[in-house]
Each structure stands twice: as C-alpha cells, then as structure tokens.
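One file, final_19.txt, carrying compact mmCIF, C-alpha atoms and all ligand atoms:
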# COMPACT_ATOMS: atom_id res chain seq x y z
CA MET A 1 105.32 103.56 80.75
CA ASP A 2 103.14 105.94 78.77
CA TYR A 3 99.40 105.46 79.03
CA HIS A 4 96.14 107.38 78.76
CA LEU A 5 92.46 106.70 79.23
CA ARG A 6 90.44 106.07 76.07
CA CYS A 7 86.68 105.87 75.62
CA ILE A 8 85.66 102.55 74.06
CA GLU A 9 82.70 104.26 72.37
CA CYS A 10 83.88 107.64 71.00
CA ASN A 11 87.62 106.93 71.15
CA LYS A 12 88.41 110.26 72.91
CA LYS A 13 91.61 110.29 74.94
CA PHE A 14 92.08 111.62 78.48
CA GLN A 15 95.08 112.19 80.74
CA ASN A 16 92.99 112.46 83.93
CA ASP A 17 93.32 109.28 86.04
CA SER A 18 90.36 110.23 88.26
CA LEU A 19 87.79 109.51 85.54
CA TYR A 20 85.67 106.34 85.46
CA THR A 21 83.54 107.02 82.38
CA CYS A 22 83.86 109.28 79.34
CA PRO A 23 82.99 112.92 80.19
CA SER A 24 81.73 113.51 76.66
CA CYS A 25 79.62 110.41 75.82
CA GLY A 26 79.37 108.46 79.10
CA GLY A 27 81.06 105.38 77.57
CA LEU A 28 83.35 103.02 79.46
CA LEU A 29 87.01 103.95 79.59
CA GLU A 30 90.01 101.69 79.16
CA VAL A 31 93.66 102.27 79.87
CA ALA A 32 95.58 102.40 76.58
CA VAL A 33 99.12 101.33 77.46
CA ASP A 34 102.26 101.60 75.37
CA VAL A 35 103.03 97.92 74.83
CA SER A 36 106.53 98.70 73.58
CA SER A 37 107.40 99.27 77.28
CA ALA A 38 106.91 95.57 78.06
CA ASP A 39 110.17 94.27 79.50
CA PHE A 40 109.24 90.96 81.11
CA LYS A 41 110.07 87.48 79.86
CA LEU A 42 107.37 84.80 79.69
CA ASP A 43 109.82 82.24 81.07
CA GLY A 44 107.65 80.61 83.75
CA LYS A 45 109.68 82.19 86.55
CA GLU A 46 108.69 84.35 89.54
CA ILE A 47 105.12 84.66 88.34
CA ARG A 48 102.92 87.18 90.18
CA VAL A 49 101.05 90.38 89.31
CA TRP A 50 103.93 92.84 89.67
CA LYS A 51 106.25 90.79 87.47
CA TYR A 52 104.37 92.59 84.69
CA SER A 53 104.70 96.09 86.20
CA SER A 54 106.08 97.43 82.92
CA LEU A 55 102.52 97.19 81.53
CA LEU A 56 100.72 98.30 84.71
CA PRO A 57 99.77 102.00 84.93
CA VAL A 58 100.89 102.76 88.50
CA LYS A 59 103.54 105.36 89.31
CA ILE A 60 104.10 104.67 93.04
CA LYS A 61 105.44 101.70 95.01
CA PRO A 62 102.39 99.42 94.86
CA VAL A 63 100.23 98.27 97.75
CA THR A 64 100.69 94.52 97.50
CA LEU A 65 99.90 91.34 99.42
CA HIS A 66 101.76 89.13 96.93
CA GLU A 67 98.84 88.44 94.62
CA GLY A 68 98.84 86.38 91.44
CA GLY A 69 101.14 83.48 90.69
CA THR A 70 98.15 81.16 91.10
CA PRO A 71 98.50 77.53 90.06
CA LEU A 72 97.42 76.23 86.67
CA TYR A 73 96.24 72.67 87.29
CA GLU A 74 96.01 70.15 84.48
CA ILE A 75 92.73 68.33 84.90
CA VAL A 76 91.20 65.14 83.68
CA SER A 77 88.08 65.52 81.55
CA SER A 78 86.16 63.29 79.22
CA LYS A 79 86.97 65.51 76.24
CA LYS A 80 90.06 65.46 73.99
CA THR A 81 91.06 68.96 75.05
CA ASP A 82 94.25 69.62 77.04
CA LEU A 83 92.42 71.24 79.91
CA TYR A 84 93.72 73.41 82.74
CA VAL A 85 92.09 75.20 85.64
CA LYS A 86 93.64 78.44 86.87
CA HIS A 87 92.82 78.53 90.57
CA GLU A 88 92.31 82.20 91.35
CA GLY A 89 90.82 81.17 94.68
CA LEU A 90 94.40 80.88 95.92
CA ASN A 91 94.98 84.64 95.88
CA PRO A 92 95.43 86.39 99.28
CA SER A 93 91.73 87.10 99.86
CA GLY A 94 90.64 83.97 98.00
CA SER A 95 89.56 85.44 94.65
CA PHE A 96 90.84 86.98 91.42
CA LYS A 97 89.72 90.39 92.69
CA ASP A 98 93.09 90.81 94.43
CA ARG A 99 94.79 91.31 91.07
CA GLY A 100 92.56 94.27 90.34
CA MET A 101 92.67 95.54 93.89
CA THR A 102 96.47 95.72 94.17
CA VAL A 103 96.42 98.05 91.14
CA GLY A 104 93.20 99.90 92.08
CA ILE A 105 94.19 100.58 95.68
CA SER A 106 97.68 101.65 94.57
CA LYS A 107 95.99 104.10 92.20
CA ALA A 108 93.79 105.37 95.08
CA VAL A 109 96.95 106.08 97.11
CA GLU A 110 98.67 107.66 94.09
CA LEU A 111 95.66 109.98 93.61
CA GLY A 112 95.79 110.96 97.30
CA LYS A 113 92.39 109.42 98.13
CA SER A 114 91.63 108.52 101.75
CA MET A 115 88.33 106.68 101.21
CA VAL A 116 87.31 103.89 98.85
CA ALA A 117 83.98 102.16 98.23
CA CYS A 118 82.36 99.41 96.22
CA ALA A 119 79.10 97.58 95.72
CA SER A 120 79.69 93.86 95.78
CA THR A 121 78.28 90.38 95.64
CA GLY A 122 81.04 89.69 98.19
CA ASN A 123 84.46 89.06 96.71
CA THR A 124 85.23 92.61 95.63
CA SER A 125 84.31 93.84 99.10
CA ALA A 126 86.47 91.21 100.81
CA SER A 127 89.44 92.09 98.65
CA MET A 128 88.91 95.84 98.90
CA ALA A 129 88.62 95.64 102.69
CA MET A 130 91.90 93.71 102.85
CA TYR A 131 93.90 96.00 100.56
CA SER A 132 92.53 99.20 102.07
CA ALA A 133 93.46 97.91 105.52
CA ARG A 134 96.99 97.35 104.18
CA ALA A 135 97.08 100.86 102.70
CA GLY A 136 95.41 102.59 105.67
CA LEU A 137 92.38 103.76 103.66
CA LYS A 138 88.82 103.92 104.95
CA ALA A 139 86.65 101.33 103.17
CA TYR A 140 82.88 101.46 102.57
CA VAL A 141 81.18 98.35 101.32
CA PHE A 142 77.61 98.16 99.89
CA LEU A 143 76.19 94.64 99.82
CA PRO A 144 72.87 93.22 98.63
CA SER A 145 71.31 92.43 102.01
CA GLY A 146 71.13 88.71 102.84
CA LYS A 147 72.68 87.65 99.51
CA VAL A 148 76.39 87.61 100.27
CA ALA A 149 78.15 84.34 101.13
CA LEU A 150 79.35 84.11 104.72
CA GLY A 151 83.11 83.87 104.11
CA LYS A 152 83.10 87.07 102.08
CA LEU A 153 81.02 88.98 104.61
CA ALA A 154 83.34 87.82 107.39
CA GLN A 155 86.37 89.13 105.49
CA ALA A 156 84.90 92.57 104.85
CA MET A 157 83.90 92.87 108.52
CA MET A 158 87.15 91.57 110.01
CA HIS A 159 89.34 93.81 107.83
CA GLY A 160 87.48 96.81 109.17
CA ALA A 161 85.28 97.99 106.32
CA ARG A 162 82.09 99.86 107.13
CA VAL A 163 79.49 97.42 105.78
CA ILE A 164 76.13 98.68 104.55
CA ALA A 165 73.60 95.96 103.66
CA VAL A 166 71.35 97.55 101.04
CA ARG A 167 67.79 96.22 100.81
CA GLY A 168 67.96 95.46 97.11
CA ASN A 169 70.12 93.48 94.68
CA PHE A 170 73.69 94.12 93.49
CA ASP A 171 72.57 96.33 90.60
CA THR A 172 70.75 98.64 93.02
CA ALA A 173 73.73 98.74 95.39
CA LEU A 174 76.03 99.65 92.50
CA ARG A 175 73.75 102.47 91.39
CA ILE A 176 73.80 103.86 94.92
CA VAL A 177 77.53 103.60 95.49
CA ARG A 178 78.31 105.33 92.19
CA GLU A 179 76.23 108.30 93.30
CA ILE A 180 77.69 108.35 96.83
CA CYS A 181 81.24 108.29 95.49
CA VAL A 182 80.57 111.43 93.47
CA ARG A 183 78.91 113.22 96.40
CA LYS A 184 81.55 112.35 98.99
CA ASP A 185 84.76 112.27 96.93
CA ILE A 186 85.22 108.56 97.63
CA TYR A 187 87.26 106.54 95.12
CA LEU A 188 85.08 103.91 93.42
CA MET A 189 86.62 100.43 93.30
CA ASN A 190 84.06 98.59 91.17
CA SER A 191 85.21 97.29 87.81
CA VAL A 192 83.88 100.39 86.05
CA ASN A 193 87.20 101.71 87.39
CA PRO A 194 89.51 101.01 84.43
CA PHE A 195 92.61 100.64 86.62
CA ARG A 196 91.19 97.62 88.42
CA LEU A 197 90.87 95.76 85.14
CA GLU A 198 94.53 96.46 84.42
CA GLY A 199 95.46 94.23 87.35
CA GLN A 200 93.10 91.52 86.21
CA LYS A 201 94.61 91.39 82.71
CA THR A 202 97.64 89.68 84.32
CA ILE A 203 95.59 86.44 84.34
CA ALA A 204 96.27 86.32 80.58
CA PHE A 205 99.98 87.09 81.04
CA GLU A 206 100.31 84.32 83.63
CA ILE A 207 98.53 81.71 81.51
CA VAL A 208 100.99 82.16 78.65
CA ASP A 209 103.88 82.42 81.13
CA GLN A 210 102.89 79.11 82.75
CA LEU A 211 101.83 77.12 79.67
CA GLY A 212 104.51 78.42 77.32
CA TYR A 213 101.84 78.90 74.64
CA CYS A 214 98.51 80.60 74.07
CA PRO A 215 95.57 78.21 74.57
CA GLU A 216 92.72 78.06 72.06
CA ALA A 217 89.94 78.95 74.47
CA ILE A 218 89.40 80.53 77.89
CA TYR A 219 86.22 79.85 79.86
CA VAL A 220 85.32 82.67 82.26
CA PRO A 221 82.40 83.08 84.69
CA VAL A 222 80.62 86.34 83.84
CA GLY A 223 78.83 88.55 86.35
CA ASN A 224 79.54 92.27 86.12
CA ALA A 225 81.60 91.34 83.05
CA GLY A 226 84.86 93.04 84.02
CA ASN A 227 87.07 89.99 84.24
CA ILE A 228 86.42 88.58 80.77
CA SER A 229 87.10 92.06 79.35
CA ALA A 230 90.33 92.34 81.33
CA ILE A 231 91.61 88.90 80.31
CA PHE A 232 90.91 89.65 76.65
CA LYS A 233 92.79 92.94 76.99
CA GLY A 234 95.74 91.05 78.46
CA PHE A 235 95.91 88.63 75.55
CA SER A 236 95.50 91.48 73.06
CA GLU A 237 98.47 93.31 74.60
CA LEU A 238 100.59 90.16 74.50
CA ARG A 239 99.88 89.82 70.80
CA GLU A 240 100.51 93.49 70.12
CA ALA A 241 103.82 93.28 71.98
CA GLY A 242 104.84 90.22 69.94
CA TYR A 243 104.73 87.60 72.70
CA THR A 244 102.06 85.53 70.92
CA ASP A 245 100.55 85.32 67.45
CA THR A 246 97.06 84.37 68.52
CA ILE A 247 94.34 85.32 70.99
CA PRO A 248 92.17 82.63 72.61
CA LYS A 249 88.44 82.52 72.03
CA MET A 250 86.86 84.17 75.06
CA ILE A 251 83.98 81.99 76.25
CA GLY A 252 81.76 83.64 78.82
CA VAL A 253 79.67 81.47 81.12
CA GLN A 254 76.58 82.81 82.88
CA ALA A 255 74.04 81.30 85.25
CA GLU A 256 70.64 80.73 83.62
CA GLY A 257 68.92 82.97 86.16
CA ALA A 258 71.32 85.89 85.63
CA ASN A 259 72.08 85.77 81.91
CA PRO A 260 71.84 89.20 80.21
CA ILE A 261 75.10 88.72 78.29
CA TYR A 262 74.03 85.27 77.13
CA ARG A 263 70.76 86.73 75.84
CA ALA A 264 72.51 89.58 74.03
CA PHE A 265 74.98 87.19 72.44
CA SER A 266 72.23 84.79 71.33
CA GLU A 267 70.71 87.64 69.33
CA ARG A 268 74.13 88.91 68.17
CA LYS A 269 73.51 92.24 69.91
CA GLU A 270 76.14 94.63 71.24
CA THR A 271 74.12 95.87 74.20
CA ILE A 272 72.14 94.05 76.88
CA GLU A 273 68.61 94.17 78.22
CA PRO A 274 68.90 94.00 82.03
CA VAL A 275 67.48 90.93 83.80
CA GLU A 276 65.17 92.41 86.45
CA ASN A 277 65.36 89.85 89.27
CA PRO A 278 68.51 87.80 88.79
CA GLU A 279 68.65 84.57 90.81
CA THR A 280 71.23 81.77 91.07
CA ILE A 281 72.99 79.62 93.66
CA ALA A 282 76.18 81.29 92.38
CA THR A 283 75.56 84.50 94.35
CA ALA A 284 78.84 86.03 93.13
CA ILE A 285 77.40 86.35 89.62
CA ARG A 286 73.82 87.17 90.63
CA ILE A 287 73.85 90.32 88.47
CA GLY A 288 71.16 91.53 86.07
CA SER A 289 72.72 94.66 84.62
CA PRO A 290 76.48 94.15 84.15
CA VAL A 291 78.36 97.42 84.00
CA ASN A 292 81.04 96.11 81.62
CA ALA A 293 78.64 94.45 79.20
CA ARG A 294 79.85 96.52 76.22
CA LYS A 295 83.51 95.68 76.86
CA ALA A 296 82.70 92.00 77.43
CA LEU A 297 80.62 91.64 74.27
CA LYS A 298 83.41 93.29 72.25
CA ALA A 299 85.91 90.81 73.74
CA ILE A 300 83.65 87.87 72.93
CA TYR A 301 82.92 88.94 69.35
CA GLU A 302 86.45 90.08 68.51
CA SER A 303 88.01 86.87 69.80
CA GLY A 304 85.50 84.68 67.97
CA GLY A 305 84.19 83.39 71.28
CA ARG A 306 80.69 82.79 72.60
CA VAL A 307 78.51 82.74 75.71
CA ILE A 308 77.15 79.62 77.37
CA GLN A 309 74.51 79.51 80.08
CA VAL A 310 74.49 76.85 82.79
CA SER A 311 71.86 75.80 85.33
CA ASP A 312 72.42 75.82 89.08
CA ASP A 313 72.48 71.99 88.98
CA GLU A 314 75.21 72.02 86.36
CA ILE A 315 77.19 74.51 88.46
CA VAL A 316 76.99 72.30 91.56
CA GLN A 317 77.96 69.20 89.56
CA ALA A 318 80.97 70.98 88.12
CA GLN A 319 81.92 72.20 91.61
CA LYS A 320 81.81 68.60 92.85
CA LEU A 321 83.85 67.28 89.92
CA LEU A 322 86.54 69.88 90.58
CA ALA A 323 86.44 69.06 94.30
CA LYS A 324 87.05 65.41 93.41
CA GLN A 325 90.27 66.48 91.72
CA GLY A 326 91.37 68.42 94.78
CA ILE A 327 90.28 71.83 93.52
CA GLY A 328 87.98 73.60 95.97
CA VAL A 329 85.97 76.46 94.48
CA GLU A 330 82.82 78.44 95.21
CA PRO A 331 79.76 77.96 92.93
CA ALA A 332 80.33 80.93 90.58
CA SER A 333 83.88 79.73 90.00
CA ALA A 334 82.67 76.31 88.95
CA SER A 335 80.50 77.79 86.22
CA SER A 336 83.47 78.07 83.84
CA PHE A 337 84.09 74.32 84.12
CA ALA A 338 80.33 73.69 83.87
CA GLY A 339 80.39 75.65 80.60
CA PHE A 340 83.34 73.63 79.33
CA MET A 341 81.49 70.38 80.16
CA LYS A 342 78.49 71.53 78.13
CA ASP A 343 80.60 72.53 75.16
CA ASP A 344 81.40 70.13 72.35
CA GLY A 345 85.12 69.76 73.06
CA GLU A 346 86.28 71.21 69.75
CA PHE A 347 89.42 72.82 71.20
CA GLU A 348 92.85 71.24 71.55
CA SER A 349 93.67 73.38 74.57
CA ALA A 350 91.55 75.36 77.01
CA VAL A 351 91.81 77.04 80.39
CA CYS A 352 88.88 77.42 82.80
CA ILE A 353 89.20 80.31 85.24
CA ALA A 354 88.17 79.24 88.74
CA THR A 355 87.55 82.64 90.24
CA GLY A 356 87.04 82.08 93.99
CA ASN A 357 87.80 79.69 96.84
CA LEU A 358 85.51 77.01 98.27
CA LEU A 359 85.76 78.61 101.73
CA LYS A 360 84.04 81.75 100.47
CA ASP A 361 80.65 80.01 100.57
CA PRO A 362 80.78 77.36 103.30
CA GLU A 363 76.99 77.26 103.67
CA GLU A 364 76.49 76.22 100.05
CA ALA A 365 79.26 73.60 100.33
CA VAL A 366 77.61 72.07 103.40
CA MET A 367 74.18 72.19 101.76
CA VAL A 368 75.20 70.26 98.61
CA SER A 369 77.59 67.75 100.24
CA GLU A 370 76.96 64.48 102.03
CA LYS A 371 76.12 65.20 105.67
CA PRO A 372 78.40 64.12 108.52
CA VAL A 373 77.21 60.98 110.35
CA GLU A 374 76.71 61.38 114.11
CA ALA A 375 77.94 58.49 116.20
CA ASP A 376 78.55 57.54 119.81
CA PRO A 377 82.24 57.12 120.68
CA ASP A 378 82.06 53.34 120.21
CA ILE A 379 84.78 51.75 118.05
CA GLU A 380 82.58 48.95 116.74
CA VAL A 381 79.66 51.18 115.86
CA ILE A 382 82.01 53.59 114.11
CA GLU A 383 83.81 50.79 112.25
CA ARG A 384 80.47 49.78 110.74
CA LEU A 385 79.90 53.33 109.52
CA LEU A 386 83.07 53.43 107.41
N1 LIG B 401 83.44 84.70 89.99
C1 LIG B 401 83.44 85.20 91.24
C2 LIG B 401 83.82 84.29 92.36
C3 LIG B 401 83.09 86.54 91.47
O1 LIG B 401 83.11 87.02 92.71
C4 LIG B 401 82.72 87.35 90.37
C5 LIG B 401 82.32 88.75 90.56
C6 LIG B 401 82.75 86.78 89.09
C7 LIG B 401 83.11 85.46 88.95
C8 LIG B 401 82.39 87.55 87.88
O2 LIG B 401 83.37 88.47 87.53
O3 LIG B 401 82.01 90.53 87.62
O4 LIG B 401 84.21 90.50 86.49
O5 LIG B 401 82.26 89.30 85.50
N2 LIG B 401 82.11 89.28 91.67
C9 LIG B 401 81.84 90.70 91.88
C10 LIG B 401 81.90 91.04 93.35
C11 LIG B 401 80.65 91.21 91.20
O6 LIG B 401 81.27 92.01 93.79
O7 LIG B 401 82.64 90.38 94.06
P1 LIG B 401 82.95 89.79 86.73
I'd like the structure from this file rewritten - as structure tokens, please.
Amino acid sequence: MDYHLRCIECNKKFQNDSLYTCPSCGGLLEVAVDVSSADFKLDGKEIRVWKYSSLLPVKIKPVTLHEGGTPLYEIVSSKKTDLYVKHEGLNPSGSFKDRGMTVGISKAVELGKSMVACASTGNTSASMAMYSARAGLKAYVFLPSGKVALGKLAQAMMHGARVIAVRGNFDTALRIVREICVRKDIYLMNSVNPFRLEGQKTIAFEIVDQLGYCPEAIYVPVGNAGNISAIFKGFSELREAGYTDTIPKMIGVQAEGANPIYRAFSERKETIEPVENPETIATAIRIGSPVNARKALKAIYESGGRVIQVSDDEIVQAQKLLAKQGIGVEPASASSFAGFMKDDGEFESAVCIATGNLLKDPEEAVMVSEKPVEADPDIEVIERLL
C-alpha cells in the first residue's frame, strides 16, 4: 500500500517515516494512505486489527498480541437510541492503546529502533511495556508521580519497562520525554506519533464490520485527543473507499476538571488554551494540554459533532450503570456513556467507546462501591446479612 506523511497544517508531504511533526511548520502529521488498496470485506468475520492490514502502513510482519476484535454490546438506556458500547478494555493489556501499539511497535522494529519511550497517564505505558517486551525492545516510561492507577503501573513494571515517576503532571512528562527522545535516539510512542493513530482507526472499521452499518454518533472520552482523531480518520477512509456513505458525528467527552477541548469547542475555536492544573477522578484523561487538539477539533467540526463535559460524579454514576449491565470499565472509559446520558437522545444509533478495563483502577472501584461486610464464620449471623 502506498502512503506518505502529510502535515495537517501546511499540507506538505514527506516520505520519511521517522518524523513526528512537520519539519517546516511544526504541525501534526498524519499518514495519508491510498484507500484504493483496501481489500477487506466488512462481513462481520474474523475481526481484529490486522484484518485491515491493507490500510495499515507497516511493511514487516507485525508485532501482535491479537488485539482488536473487541465486543460491541447492545445496552439498555432510557433514550430511544439504539445504543452500543465497544468494550476496548478487553484488548490484551486492557485498553484501546493496544491497537495503536501493535502498529507503533511494528514501525519501531521496521525502523531498526532498539528503544522506545512514552509519557503516560498509565494505559499507554502499560501497552507499550507489553508490546516492547514482545518485540525485545527497551522501554522507558515517564509517569506523573502518584497519579497513575495501580493496575497500569503494575503492568508497566511487570513487563520490564524502566519507570520514571516525574514530579509533575502528564503534560510536563510529555514535554520531557519528547526532548529525551530527540537527544537519545529513542522512538517516541505517544500519540503525536502518526503511526500509532493508524492502529486506532481500526475501531471505526470494526464498528461498521460488527453493526453492518455506520452509526449516527460516536461518543469518545478525550484526553490527549489522539483516539477521537484516529476514529474519525477511520470512518473517513471507509467513506472514501466506498464502504459507507456517511460519517458519524464525533462527540468528544471531557472531564470538567480537564476540559481544554470542551472550552475551545464552546467558543468555536480551532486551537486550545491549556488548562494549567487538570484534575479529575478519571486519571487517564487528566490532561491540560492535549497534543492532538488540532486534529481532534477538525474531526469534531468536520463530522458535525460536539464536545460534552461531565463531572466526576456523572462519570462514577455512568461507570456503575455500565457495571450493572456486566460491563466493567475504568472511570475515564465511563465518561463516553456519561456524555451520552447527558445528551438529548436525538440519534437513532450511537456507539460509546469504553476505552479501558475496570481492573486498571481497582482503588477507585473499591472507593466508590459498597464495602464488604465483615462477619464471624457463623451461618446464622451470615444468613441475616444477606
Ligand atoms: N480513556 C482511557 C482509558 C485512556 O487511557 C485515555 C488516554 C483516553 C481515554 C483518552 O484517549 O488521549 O487518545 O484522547 N490515555 C493516555 C495514556 C493519555 O497515557 O494512557 P486520548
């Protein structure tokens, strides 16, 4: 498949896969793929990331842990919408990041890199640690100290990444890792890397593959703003290749305490003002200066979508409602459903992306759930407790 990198700002084209941003204007890059190469059928069969390899810009045998193919659950809601939740928490490392990582780490190997790094609120680092272990690459992880959920930290550590807890927030850690990657010739795996987003666009392919049609709206939690951009790109490619006639409205959902994209959208702006001290129970999206803001805002405007903000209380309530339907997700993941619940139900069909697994943040789950009751091993006493 033919592809090149293209700057989303100045439109310049590049054939150098090692770039992250435009050498002439500093804009974000995207991978422009030749959609006429698409040779998959959206027939609901054998769904997983590499089913769509004809639109994925990797030239080697990919590094894979069998990612994608996540379930699309129909769920009961009070609105008239046919509503589904795509449970990305059922990927190998427990989040949607694996889709990006299988492509990103394959690209690292293809480029002959031996070291990779990322800043992360937790899930990217967990996934990167796992895939670099699989590929035999050295992984360096930069985390905001004390602000990463336990499950994610455990994954990064167990899979052998070198973990550096930066005293600062995610935005600071990302600034540092970008500089370190340049100095040390380490391959950067954050979503400023355009190849990672290529993997994540398969969420769009899978939704149409599973549903058999293109839904009217997609609700996506927004942190660093890569995923919503990637999903929009996926739907755009499907339309360009003739698989669908329409593109869903991309509806971004942010936490009230970390809402720069919401603020920009409210004023119909195309750039953001960073939020200085972002704070939310949804630590995965505790981000004040999203790197992919420009791509995300384009996706939202071009698709006729919007941005909703939700409070921490609304996030926890949505998490509990999903849990009641057997869908276990971490707080950030529940924000998409929280956004749907706040919306006015104007759509006939919608999909909420649940981005990460409940087990990622066990401390939060314990904190917001009913506590276990301690009891002596006495049948009658225990019977009364039921
Ligand atoms: N949901 C979860 C569970 C996440 O981990 C993230 C991002 C998002 C949503 C937002 O996605 O950044 O593409 O807008 N987590 C990153 C990380 C920042 O480091 O794991 P986004």
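The closest residue to ligand LIG 401 (chain B), picked from A:Gly288, A:Pro144, A:Gly356, A:Gly345 and counting all atoms listed in the file, is A:Gly356.
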By how many Å are CA of Cys7 (chain A) and CA of Arg294 (chain A) apart? 11.6 Å
For ligand LIG 401 (chain B), which residue among A:Met158, A:Leu197, A:Val116, A:Ile247 is the nearest when counting only C-alpha atoms and all ligand atoms?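 Among the listed residues, the smallest separation from ligand LIG 401 (chain B) belongs to A:Leu197.
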Residues within 6 Å of ligand LIG 401 (chain B), counting all atoms listed in the file, as a list in words: Ser120, Thr121, Gly122, Asn123, Thr124, Pro221, Val222, Gly223, Asn224, Ala225, Gly226, Asn227, Ala284, Ile285, Ala332, Ser333, Thr355 and Gly356 of chain A
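CA of Asn169 (chain A) is found 16.5 Å from CA of Glu273 (chain A).
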Taking into account all atoms listed in the file, which residue in the set A:Glu9, A:Glu240, A:Glu206, A:Thr81 is nearest to Val33 (chain A)?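 Between A:Glu9, A:Glu240, A:Glu206, A:Thr81, the residue approaching Val33 (chain A) most closely is A:Glu240.
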So what do you get for CA of Leu188 (chain A) versus CA of Ser54 (chain A), distance-wise?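 Taking CA of Leu188 (chain A) as the start and CA of Ser54 (chain A) as the end point, the length is 24.4 Å.
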What's around Ala32 (chain A) at 7 Å? Count all atoms listed in the file, leave out sequence neighbours fewer than 5 positions away in its own chain, and write the answer as an mmCIF file with C-alpha atoms, in the frame of the given file.
data_model
loop_
_atom_site.group_PDB
_atom_site.id
_atom_site.type_symbol
_atom_site.label_atom_id
_atom_site.label_comp_id
_atom_site.auth_asym_id
_atom_site.auth_seq_id
_atom_site.Cartn_x
_atom_site.Cartn_y
_atom_site.Cartn_z
ATOM 1 C CA TYR A 3 99.400 105.460 79.030
ATOM 2 C CA HIS A 4 96.140 107.380 78.760
ATOM 3 C CA LEU A 5 92.460 106.700 79.230
ATOM 4 C CA ARG A 6 90.440 106.070 76.070
#
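Distances here use all atoms listed in the file; by that measure, the residue among A:Ala165, A:Val63, A:Cys352, A:Leu358 closest to Tyr219 (chain A) is A:Cys352.
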Selected residue of minimal separation from Asp209 (chain A) among A:Lys371, A:Lys107, A:Lys51, A:Arg162, counting only C-alpha atoms: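 Counting only C-alpha atoms, the residue closest to Asp209 (chain A) is A:Lys51.
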Write out as an MDAnalysis selection string the residues lying within 9 Å of Lys59 (chain A), counting all atoms listed in the file and excluding same-chain residues fewer than 4 positions away. chainID A and resid 1 106:107 110
Write the residues you've just listed into a file as a PDB file, in the frame of the given file, and include C-alpha atoms for each of them.
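Result written to selection37.pdb:
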ATOM      1  CA  MET A   1     105.320 103.560  80.750  1.00  0.00           C
ATOM      2  CA  SER A 106      97.680 101.650  94.570  1.00  0.00           C
ATOM      3  CA  LYS A 107      95.990 104.100  92.200  1.00  0.00           C
ATOM      4  CA  GLU A 110      98.670 107.660  94.090  1.00  0.00           C
TER       5      GLU A 110
END
Using only C-alpha atoms, can you tell me which of A:Val141, A:Ile308, A:Phe205, A:Ala264 comes closest to Asp344 (chain A)?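 Of all the options, A:Ile308 lies closest to Asp344 (chain A).
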Identify the residues around (92.6, 104.8, 100.6) within a radius of 9 Å, measuring from all atoms listed in the file in the coordinates stated by the file, and give them as a ChimeraX atom specification. /A:105-106,108-109,112-116,131-133,135-139,186-187
Can you pull out the residues contacting Gly252 (chain A)? Cut-off 9 Å, using all atoms listed in the file, and skip same-chain residues under 3 positions away; I want them as a list in words.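 With the cut-off at 9 Å, the set is Ile218, Tyr219, Val220, Pro221, Val222, Ala225, Ile228, Ile261, Tyr262, Ala296, Ile300, Gly305, Arg306, Val307, Ile308, Gln309, Ser336 and Gly339 of chain A.
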Would you write out, as a tab-separated table, a table of all residues in region 193-216 of chain A that have an atom no more than 12 Å from an atom of region 13-23 of chain A, listing for each the closest atom pair and the distance in Å to one decimal, considering all atoms listed in the file and ordering rows by chain and rising residue number?
residue	atom	partner	partner_atom	distance
A:Asn193	CA	A:Tyr20	CA	5.2
A:Pro194	CA	A:Tyr20	CA	6.6
A:Phe195	CA	A:Asp17	CA	8.7
A:Arg196	CA	A:Tyr20	CA	10.7
A:Leu197	CA	A:Tyr20	CA	11.8
Residue neighbourhood Ile231 (chain A), 8 Å, all atoms listed in the file, exclusion window fewer than 5 positions, as a ChimeraX atom specification: /A:200-204
Show me, as a ChimeraX atom specification, the residues that have an atom within 9 Å of Gln319 (chain A) when counting all atoms listed in the file, minus same-chain residues fewer than 3 positions from it. /A:314-316,322-324,327-335,337-338,358
Selection file, C-alpha atoms, as a tab-separated table (two decimals), in the coordinates of the input:
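Output file result00.tsv is given in full below:
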chain	number	residue	atom	x	y	z
A	314	GLU	CA	75.21	72.02	86.36
A	315	ILE	CA	77.19	74.51	88.46
A	316	VAL	CA	76.99	72.30	91.56
A	322	LEU	CA	86.54	69.88	90.58
A	323	ALA	CA	86.44	69.06	94.30
A	324	LYS	CA	87.05	65.41	93.41
A	327	ILE	CA	90.28	71.83	93.52
A	328	GLY	CA	87.98	73.60	95.97
A	329	VAL	CA	85.97	76.46	94.48
A	330	GLU	CA	82.82	78.44	95.21
A	331	PRO	CA	79.76	77.96	92.93
A	332	ALA	CA	80.33	80.93	90.58
A	333	SER	CA	83.88	79.73	90.00
A	334	ALA	CA	82.67	76.31	88.95
A	335	SER	CA	80.50	77.79	86.22
A	337	PHE	CA	84.09	74.32	84.12
A	338	ALA	CA	80.33	73.69	83.87
A	358	LEU	CA	85.51	77.01	98.27
Show me, as JSON, the centre and edge lengths in Å to one decimal of the axis-aligned box that covers every listed atom of region 94-99 of chain A with 4 Å on each side.
{"center_x": 92.2, "center_y": 87.6, "center_z": 94.5, "size_x": 13.2, "size_y": 15.3, "size_z": 14.9}
